[in-house]
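Below is target_21.json, holding JSON, C-alpha atoms.
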```json
[["chain", "number", "residue", "atom", "x", "y", "z"],
["I", 1, "MET", "CA", -73.26, 27.86, -1.63],
["I", 2, "PHE", "CA", -70.42, 25.29, -1.52],
["I", 3, "GLY", "CA", -72.22, 22.70, -3.65],
["I", 4, "TYR", "CA", -71.09, 19.10, -3.29],
["I", 5, "GLU", "CA", -67.40, 19.81, -2.63],
["I", 6, "PRO", "CA", -67.47, 19.32, 1.19],
["I", 7, "TYR", "CA", -69.31, 16.02, 0.77],
["I", 8, "LYS", "CA", -66.76, 14.81, -1.75],
["I", 9, "ILE", "CA", -63.91, 15.67, 0.62],
["I", 10, "CYS", "CA", -65.56, 13.93, 3.58],
["I", 11, "GLY", "CA", -66.31, 10.92, 1.42],
["I", 12, "ALA", "CA", -62.69, 10.72, 0.27],
["I", 13, "ILE", "CA", -61.45, 10.88, 3.86],
["I", 14, "LEU", "CA", -63.86, 8.19, 5.00],
["I", 15, "PHE", "CA", -62.89, 5.99, 2.07],
["I", 16, "ALA", "CA", -59.19, 6.41, 2.94],
["I", 17, "LEU", "CA", -59.82, 5.52, 6.57],
["I", 18, "LEU", "CA", -61.84, 2.47, 5.55],
["I", 19, "LEU", "CA", -59.10, 1.36, 3.18],
["I", 20, "VAL", "CA", -56.42, 1.69, 5.87],
["I", 21, "THR", "CA", -58.56, -0.29, 8.33],
["I", 22, "LEU", "CA", -59.14, -3.07, 5.82],
["I", 23, "LEU", "CA", -55.42, -3.27, 5.01],
["I", 24, "ARG", "CA", -54.50, -3.47, 8.67],
["I", 25, "VAL", "CA", -57.04, -6.19, 9.45],
["I", 26, "GLY", "CA", -56.04, -8.14, 6.38],
["I", 27, "GLY", "CA", -52.35, -7.84, 7.18],
["I", 28, "ASP", "CA", -52.85, -9.07, 10.75],
["I", 29, "ALA", "CA", -54.79, -12.05, 9.43],
["I", 30, "MET", "CA", -51.99, -12.93, 7.06],
["I", 31, "LEU", "CA", -49.37, -12.71, 9.82],
["I", 32, "ILE", "CA", -51.09, -14.97, 12.38],
["I", 33, "PRO", "CA", -48.30, -17.28, 13.65],
["I", 34, "GLU", "CA", -48.70, -20.97, 13.05],
["I", 35, "LYS", "CA", -49.00, -23.00, 16.22],
["I", 36, "LEU", "CA", -46.20, -25.52, 16.78],
["I", 37, "ALA", "CA", -46.98, -29.14, 17.36],
["I", 38, "GLN", "CA", -44.37, -29.21, 20.14],
["I", 39, "ASN", "CA", -42.86, -26.49, 22.31],
["I", 40, "ALA", "CA", -39.44, -25.41, 21.12],
["I", 41, "TYR", "CA", -38.38, -24.52, 24.66],
["I", 42, "VAL", "CA", -38.30, -27.29, 27.21],
["I", 43, "PRO", "CA", -38.44, -26.15, 30.86],
["I", 44, "GLU", "CA", -35.36, -26.96, 32.90],
["I", 45, "SER", "CA", -37.32, -29.29, 35.17],
["I", 46, "GLN", "CA", -38.28, -31.41, 32.13],
["I", 47, "SER", "CA", -34.83, -31.45, 30.50],
["I", 48, "GLU", "CA", -32.63, -34.50, 30.62],
["I", 49, "ASP", "CA", -30.34, -34.93, 33.62],
["I", 50, "TYR", "CA", -26.74, -35.29, 32.49],
["I", 51, "SER", "CA", -25.23, -35.24, 35.98],
["I", 52, "THR", "CA", -23.31, -38.29, 37.14],
["I", 53, "ASP", "CA", -24.84, -40.67, 39.62],
["I", 54, "GLU", "CA", -24.15, -39.92, 43.26],
["I", 55, "GLY", "CA", -21.46, -42.08, 44.78],
["I", 56, "GLU", "CA", -19.73, -42.81, 41.47],
["I", 57, "GLY", "CA", -15.98, -43.05, 42.00],
["I", 58, "GLU", "CA", -16.18, -43.21, 45.79],
["I", 59, "ASP", "CA", -14.60, -46.65, 45.86],
["I", 60, "ASP", "CA", -11.70, -45.42, 43.77],
["I", 61, "GLU", "CA", -11.16, -42.51, 46.11],
["I", 62, "GLU", "CA", -11.20, -44.75, 49.18],
["I", 63, "ASP", "CA", -8.81, -47.30, 47.67],
["I", 64, "GLY", "CA", -6.27, -44.92, 46.18],
["I", 65, "GLY", "CA", -6.88, -41.68, 48.05],
["I", 66, "GLU", "CA", -4.01, -42.04, 50.48],
["I", 67, "ASP", "CA", -1.49, -43.26, 47.92],
["I", 68, "GLY", "CA", -2.71, -40.69, 45.44],
["I", 69, "ASP", "CA", -2.20, -37.87, 47.91],
["I", 70, "GLU", "CA", 1.34, -39.03, 48.60],
["I", 71, "ALA", "CA", 2.09, -39.30, 44.90],
["I", 72, "ASP", "CA", 0.60, -35.89, 44.24],
["I", 73, "GLY", "CA", 2.67, -34.43, 47.07],
["I", 74, "LYS", "CA", 5.85, -35.89, 45.63],
["I", 75, "ASP", "CA", 4.97, -34.65, 42.17],
["I", 76, "ASN", "CA", 4.27, -31.17, 43.54],
["I", 77, "VAL", "CA", 7.58, -31.06, 45.40],
["I", 78, "ALA", "CA", 9.44, -32.23, 42.32],
["I", 79, "THR", "CA", 7.69, -29.64, 40.19],
["I", 80, "LYS", "CA", 8.53, -26.86, 42.64],
["I", 81, "ASP", "CA", 12.17, -27.95, 42.83],
["I", 82, "ASP", "CA", 12.45, -28.17, 39.07],
["I", 83, "GLY", "CA", 10.80, -24.75, 38.70],
["I", 84, "ALA", "CA", 13.15, -23.19, 41.25],
["I", 85, "ALA", "CA", 16.17, -24.68, 39.49],
["I", 86, "GLU", "CA", 15.00, -23.42, 36.12],
["I", 87, "GLU", "CA", 14.27, -19.99, 37.58],
["I", 88, "SER", "CA", 17.74, -19.73, 39.14],
["I", 89, "GLU", "CA", 19.51, -20.89, 36.00],
["I", 90, "GLU", "CA", 17.46, -18.83, 33.54],
["I", 91, "PRO", "CA", 19.03, -15.33, 34.05],
["I", 92, "ALA", "CA", 22.61, -16.62, 33.86],
["I", 93, "SER", "CA", 21.96, -18.79, 30.83],
["I", 94, "GLN", "CA", 20.05, -15.97, 29.15],
["I", 95, "LEU", "CA", 22.90, -13.49, 29.68],
["I", 96, "ALA", "CA", 25.44, -16.06, 28.46],
["I", 97, "ALA", "CA", 23.39, -16.60, 25.31],
["I", 98, "LEU", "CA", 23.09, -12.86, 24.73],
["I", 99, "LEU", "CA", 26.83, -12.38, 25.21],
["I", 100, "GLY", "CA", 27.47, -15.25, 22.82],
["I", 101, "ALA", "CA", 25.46, -13.45, 20.15],
["I", 102, "ALA", "CA", 26.67, -9.96, 21.12],
["I", 103, "ASP", "CA", 28.43, -7.53, 18.77],
["I", 104, "ALA", "CA", 31.34, -5.58, 20.28],
["I", 105, "GLY", "CA", 31.15, -3.10, 17.39],
["I", 106, "ALA", "CA", 27.56, -2.28, 18.28],
["I", 107, "GLY", "CA", 28.64, -2.01, 21.92],
["I", 108, "LYS", "CA", 31.36, 0.49, 20.95],
["I", 109, "LYS", "CA", 28.70, 2.70, 19.34],
["I", 110, "LEU", "CA", 26.61, 2.52, 22.51],
["I", 111, "ALA", "CA", 29.70, 3.37, 24.58],
["I", 112, "LYS", "CA", 29.72, 6.82, 22.97],
["I", 113, "LYS", "CA", 27.07, 7.69, 25.55],
["I", 114, "CYS", "CA", 29.60, 6.81, 28.27],
["I", 115, "LYS", "CA", 32.39, 9.04, 26.94],
["I", 116, "ALA", "CA", 30.79, 12.19, 28.32],
["I", 117, "CYS", "CA", 31.50, 10.97, 31.86],
["I", 118, "HIS", "CA", 34.04, 8.14, 31.52],
["I", 119, "SER", "CA", 37.40, 7.57, 29.89],
["I", 120, "LEU", "CA", 37.57, 4.40, 27.81],
["I", 121, "GLU", "CA", 41.29, 4.46, 26.95],
["I", 122, "GLN", "CA", 44.06, 2.56, 28.66],
["I", 123, "GLY", "CA", 45.56, 4.83, 31.30],
["I", 124, "GLY", "CA", 42.69, 7.28, 30.84],
["I", 125, "LYS", "CA", 42.05, 9.90, 33.49],
["I", 126, "LYS", "CA", 38.96, 10.22, 35.60],
["I", 127, "LYS", "CA", 36.17, 12.52, 34.47],
["I", 128, "ILE", "CA", 32.79, 12.95, 36.11],
["I", 129, "GLY", "CA", 32.91, 9.18, 36.47],
["I", 130, "PRO", "CA", 35.83, 6.75, 36.87],
["I", 131, "ALA", "CA", 37.84, 5.37, 33.95],
["I", 132, "LEU", "CA", 36.36, 2.12, 32.60],
["I", 133, "TRP", "CA", 39.55, 0.35, 31.49],
["I", 134, "ASN", "CA", 39.96, -2.99, 33.31],
["I", 135, "MET", "CA", 36.52, -2.45, 34.89],
["I", 136, "VAL", "CA", 34.99, -5.85, 34.06],
["I", 137, "GLY", "CA", 35.88, -8.23, 36.90],
["I", 138, "ALA", "CA", 37.36, -5.45, 39.04],
["I", 139, "LYS", "CA", 36.28, -4.68, 42.59],
["I", 140, "LYS", "CA", 33.46, -2.16, 42.82],
["I", 141, "GLY", "CA", 34.64, 1.31, 43.76],
["I", 142, "SER", "CA", 38.32, 0.44, 43.29],
["I", 143, "VAL", "CA", 39.57, 3.05, 40.80],
["I", 144, "GLU", "CA", 42.23, 5.08, 42.58],
["I", 145, "GLY", "CA", 41.76, 8.80, 42.79],
["I", 146, "PHE", "CA", 38.02, 8.74, 42.22],
["I", 147, "THR", "CA", 35.53, 9.50, 45.00],
["I", 148, "TYR", "CA", 32.58, 7.13, 44.70],
["I", 149, "SER", "CA", 29.15, 7.63, 46.18],
["I", 150, "PRO", "CA", 28.80, 5.94, 49.57],
["I", 151, "ALA", "CA", 26.10, 3.68, 48.13],
["I", 152, "LEU", "CA", 28.44, 2.23, 45.50],
["I", 153, "ALA", "CA", 31.40, 2.10, 47.88],
["I", 154, "GLU", "CA", 29.32, 0.03, 50.30],
["I", 155, "LYS", "CA", 27.96, -2.26, 47.58],
["I", 156, "GLY", "CA", 31.06, -4.41, 47.62],
["I", 157, "GLY", "CA", 31.94, -7.39, 45.47],
["I", 158, "MET", "CA", 33.27, -7.57, 41.93],
["I", 159, "TRP", "CA", 31.83, -6.21, 38.72],
["I", 160, "THR", "CA", 30.57, -9.56, 37.45],
["I", 161, "TYR", "CA", 28.71, -9.89, 34.17],
["I", 162, "ASP", "CA", 25.42, -10.31, 36.05],
["I", 163, "ASP", "CA", 26.05, -7.20, 38.17],
["I", 164, "LEU", "CA", 26.99, -5.18, 35.10],
["I", 165, "ASP", "CA", 23.81, -6.30, 33.37],
["I", 166, "ALA", "CA", 21.72, -5.34, 36.40],
["I", 167, "PHE", "CA", 23.50, -2.00, 36.78],
["I", 168, "LEU", "CA", 23.15, -1.09, 33.10],
["I", 169, "THR", "CA", 19.46, -2.01, 33.21],
["I", 170, "ALA", "CA", 18.68, 0.57, 35.92],
["I", 171, "PRO", "CA", 21.64, 2.05, 37.83],
["I", 172, "LYS", "CA", 19.52, 3.66, 40.54],
["I", 173, "ALA", "CA", 17.64, 0.42, 41.15],
["I", 174, "PHE", "CA", 20.85, -1.62, 41.48],
["I", 175, "VAL", "CA", 22.68, 1.02, 43.56],
["I", 176, "PRO", "CA", 20.17, 3.32, 45.26],
["I", 177, "LYS", "CA", 21.44, 6.89, 45.77],
["I", 178, "THR", "CA", 24.17, 6.44, 43.17],
["I", 179, "LYS", "CA", 25.48, 9.69, 41.68],
["I", 180, "MET", "CA", 25.31, 8.22, 38.18],
["I", 181, "LEU", "CA", 22.62, 9.93, 36.10],
["I", 182, "PHE", "CA", 22.51, 7.38, 33.25],
["I", 183, "PRO", "CA", 18.93, 6.00, 33.08],
["I", 184, "GLY", "CA", 19.95, 2.58, 31.76],
["I", 185, "LEU", "CA", 19.50, 0.42, 28.66],
["I", 186, "LYS", "CA", 16.16, -1.36, 28.44],
["I", 187, "LYS", "CA", 17.02, -3.79, 25.61],
["I", 188, "PRO", "CA", 18.89, -6.91, 26.85],
["I", 189, "GLN", "CA", 20.85, -7.27, 23.61],
["I", 190, "ASP", "CA", 22.04, -3.65, 23.82],
["I", 191, "ARG", "CA", 23.35, -4.32, 27.32],
["I", 192, "ALA", "CA", 25.08, -7.49, 26.14],
["I", 193, "ASN", "CA", 26.71, -5.60, 23.25],
["I", 194, "LEU", "CA", 27.98, -2.90, 25.62],
["I", 195, "ILE", "CA", 29.23, -5.42, 28.18],
["I", 196, "LEU", "CA", 31.11, -7.33, 25.47],
["I", 197, "TYR", "CA", 32.80, -4.10, 24.40],
["I", 198, "LEU", "CA", 33.68, -3.19, 28.01],
["I", 199, "HIS", "CA", 35.07, -6.73, 28.36],
["I", 200, "SER", "CA", 37.54, -5.90, 25.57],
["I", 201, "LEU", "CA", 38.79, -2.81, 27.43],
["I", 202, "SER", "CA", 41.25, -4.76, 29.52],
["I", 203, "ASP", "CA", 44.90, -5.74, 29.79],
["I", 204, "ASP", "CA", 43.70, -9.28, 30.51],
["I", 205, "PRO", "CA", 40.01, -9.76, 29.49],
["I", 206, "GLN", "CA", 37.93, -11.91, 31.83],
["I", 207, "PRO", "CA", 36.53, -15.21, 30.46],
["I", 208, "LEU", "CA", 32.99, -14.89, 29.16],
["I", 209, "PRO", "CA", 30.28, -16.90, 30.98]]
```
Mind converting the file's structure to structure tokens?
Amino acid sequence: MFGYEPYKICGAILFALLLVTLLRVGGDAMLIPEKLAQNAYVPESQSEDYSTDEGEGEDDEEDGGEDGDEADGKDNVATKDDGAAEESEEPASQLAALLGAADAGAGKKLAKKCKACHSLEQGGKKKIGPALWNMVGAKKGSVEGFTYSPALAEKGGMWTYDDLDAFLTAPKAFVPKTKMLFPGLKKPQDRANLILYLHSLSDDPQPLP
């Protein structure tokens, strides 16, 4: 009824399977890895020992250990002292350098932020904050007729360049509980420019550091 068609189909399938099998076997034979004459990986136990011999340098340690410790101690003390000196001198010298390169004109522009609360003119009246004329080098909390916050009144001392720089960086960090709402100037050169301008608002400007 179907003739030879089913046999032809089965034969074609078998031939395809046989061909695939032959190709797989032949491919595996072609890809057999070549054995190496020597192992590429050498176990750790068989690798060369590059560690130094035990006891090497013991004589040197015994002969110079005590003197070496003393010398190291002196060197460490000297290093610490030098580091402390550099650390203590760095802020002052940095501020002096910034003031030396400061621009009072740029500071005057920044001072516009201060005008909302402070008078900048000679003989200016108090506003929300005290007048800033003759402020650099003056005693903290000394402007007559202005009621300062207790925190600033108790701070004491003079408005030095270092104190002004610290105050303008973060007022509430320098004087906790201060009534001043100004958040501060984060850029050191901006603070130096403003301080140089405030330095000029004086009958007798203080010497720069």
> Which residue out of I:Gly145, I:Gly157, I:Gly129, I:Gly137 has the minimum interatomic distance to I:Phe182 when all atoms listed in the file are used?
Replying inline: I:Gly129
> Suppose you want the space between atom CA of I:Pro209 and atom CA of I:Ala96; what is it in Å?
Replying inline: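 Computing the Euclidean distance for atom CA of I:Pro209 and atom CA of I:Ala96 yields 5.5 Å.
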> Which residue out of I:Pro205, I:Pro130, I:Leu99, I:Ile195 has the minimum interatomic distance to I:Cys117 when all atoms listed in the file are used?
Replying inline: I:Pro130
>> Given only C-alpha atoms as the basis, pick out the residue of I:Lys126, I:Lys112, I:Lys172, I:Lys177 nearest to I:Ser149.
In response: I:Lys177
>> Just the number, please: distance in Å from atom CA of I:Ser200 to atom CA of I:Val136, one decimal.
In response: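 Atom CA of I:Val136 lies 8.9 Å from atom CA of I:Ser200.
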> Taking (26.1, -2.2, 41.5) in the file's coordinates as the center, which residues reach within 12 Å of it, counting only C-alpha atoms, put as a PyMOL selection string?
Replying inline: chain I and resi 138-141+148-180
> Which protein, DNA or RNA residues are at most 6 Å from (36.0, -4.8, 29.9) in the file's coordinates when you count all atoms listed in the file, listed as JSON, numbers by chain?
Replying inline: {"I": [134, 135, 136, 198, 199, 200, 201, 202]}
> Got a sec: who's within 10 Å of I:Lys109, counting only C-alpha atoms, leaving out chain neighbours fewer than 6 positions off, as a PyMOL selection string?
Replying inline: chain I and resi 193-194+197
> How many Å lie between atom CA of I:Gln94 and atom CA of I:Asp204, rounded to one decimal?
Replying inline: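 Atom CA of I:Gln94 sits 24.6 Å away from atom CA of I:Asp204.
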Repair of stretch 110-123 of chain I at the level of N, CA and C atoms, as a JSON list (two decimals), in the coordinates of the input:
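Heads up, here's the output in out16.json:
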```
[["chain", "number", "residue", "atom", "x", "y", "z"],
["I", 110, "LEU", "N", 27.38, 2.17, 21.32],
["I", 110, "LEU", "CA", 26.61, 2.52, 22.51],
["I", 110, "LEU", "C", 27.49, 3.19, 23.55],
["I", 111, "ALA", "N", 28.78, 2.82, 23.58],
["I", 111, "ALA", "CA", 29.70, 3.37, 24.58],
["I", 111, "ALA", "C", 29.96, 4.85, 24.36],
["I", 112, "LYS", "N", 29.56, 5.38, 23.19],
["I", 112, "LYS", "CA", 29.72, 6.82, 22.97],
["I", 112, "LYS", "C", 28.94, 7.62, 24.00],
["I", 113, "LYS", "N", 27.85, 7.02, 24.51],
["I", 113, "LYS", "CA", 27.07, 7.69, 25.55],
["I", 113, "LYS", "C", 27.87, 7.78, 26.85],
["I", 114, "CYS", "N", 28.82, 6.85, 27.03],
["I", 114, "CYS", "CA", 29.60, 6.81, 28.27],
["I", 114, "CYS", "C", 30.74, 7.81, 28.25],
["I", 115, "LYS", "N", 31.19, 8.22, 27.04],
["I", 115, "LYS", "CA", 32.39, 9.04, 26.94],
["I", 115, "LYS", "C", 32.22, 10.42, 27.57],
["I", 116, "ALA", "N", 31.00, 10.88, 27.70],
["I", 116, "ALA", "CA", 30.79, 12.19, 28.32],
["I", 116, "ALA", "C", 31.24, 12.20, 29.78],
["I", 117, "CYS", "N", 31.17, 11.03, 30.43],
["I", 117, "CYS", "CA", 31.50, 10.97, 31.86],
["I", 117, "CYS", "C", 32.65, 10.03, 32.18],
["I", 118, "HIS", "N", 33.02, 9.15, 31.24],
["I", 118, "HIS", "CA", 34.04, 8.14, 31.52],
["I", 118, "HIS", "C", 35.10, 8.12, 30.42],
["I", 119, "SER", "N", 36.32, 7.82, 30.84],
["I", 119, "SER", "CA", 37.40, 7.57, 29.89],
["I", 119, "SER", "C", 37.41, 6.08, 29.55],
["I", 120, "LEU", "N", 37.58, 5.79, 28.25],
["I", 120, "LEU", "CA", 37.57, 4.40, 27.81],
["I", 120, "LEU", "C", 38.96, 3.92, 27.37],
["I", 121, "GLU", "N", 39.95, 4.81, 27.41],
["I", 121, "GLU", "CA", 41.29, 4.46, 26.95],
["I", 121, "GLU", "C", 42.12, 3.89, 28.08],
["I", 122, "GLN", "N", 43.12, 3.10, 27.68],
["I", 122, "GLN", "CA", 44.06, 2.56, 28.66],
["I", 122, "GLN", "C", 44.84, 3.71, 29.29],
["I", 123, "GLY", "N", 44.88, 3.75, 30.59],
["I", 123, "GLY", "CA", 45.56, 4.83, 31.30],
["I", 123, "GLY", "C", 44.79, 6.13, 31.29]]
```
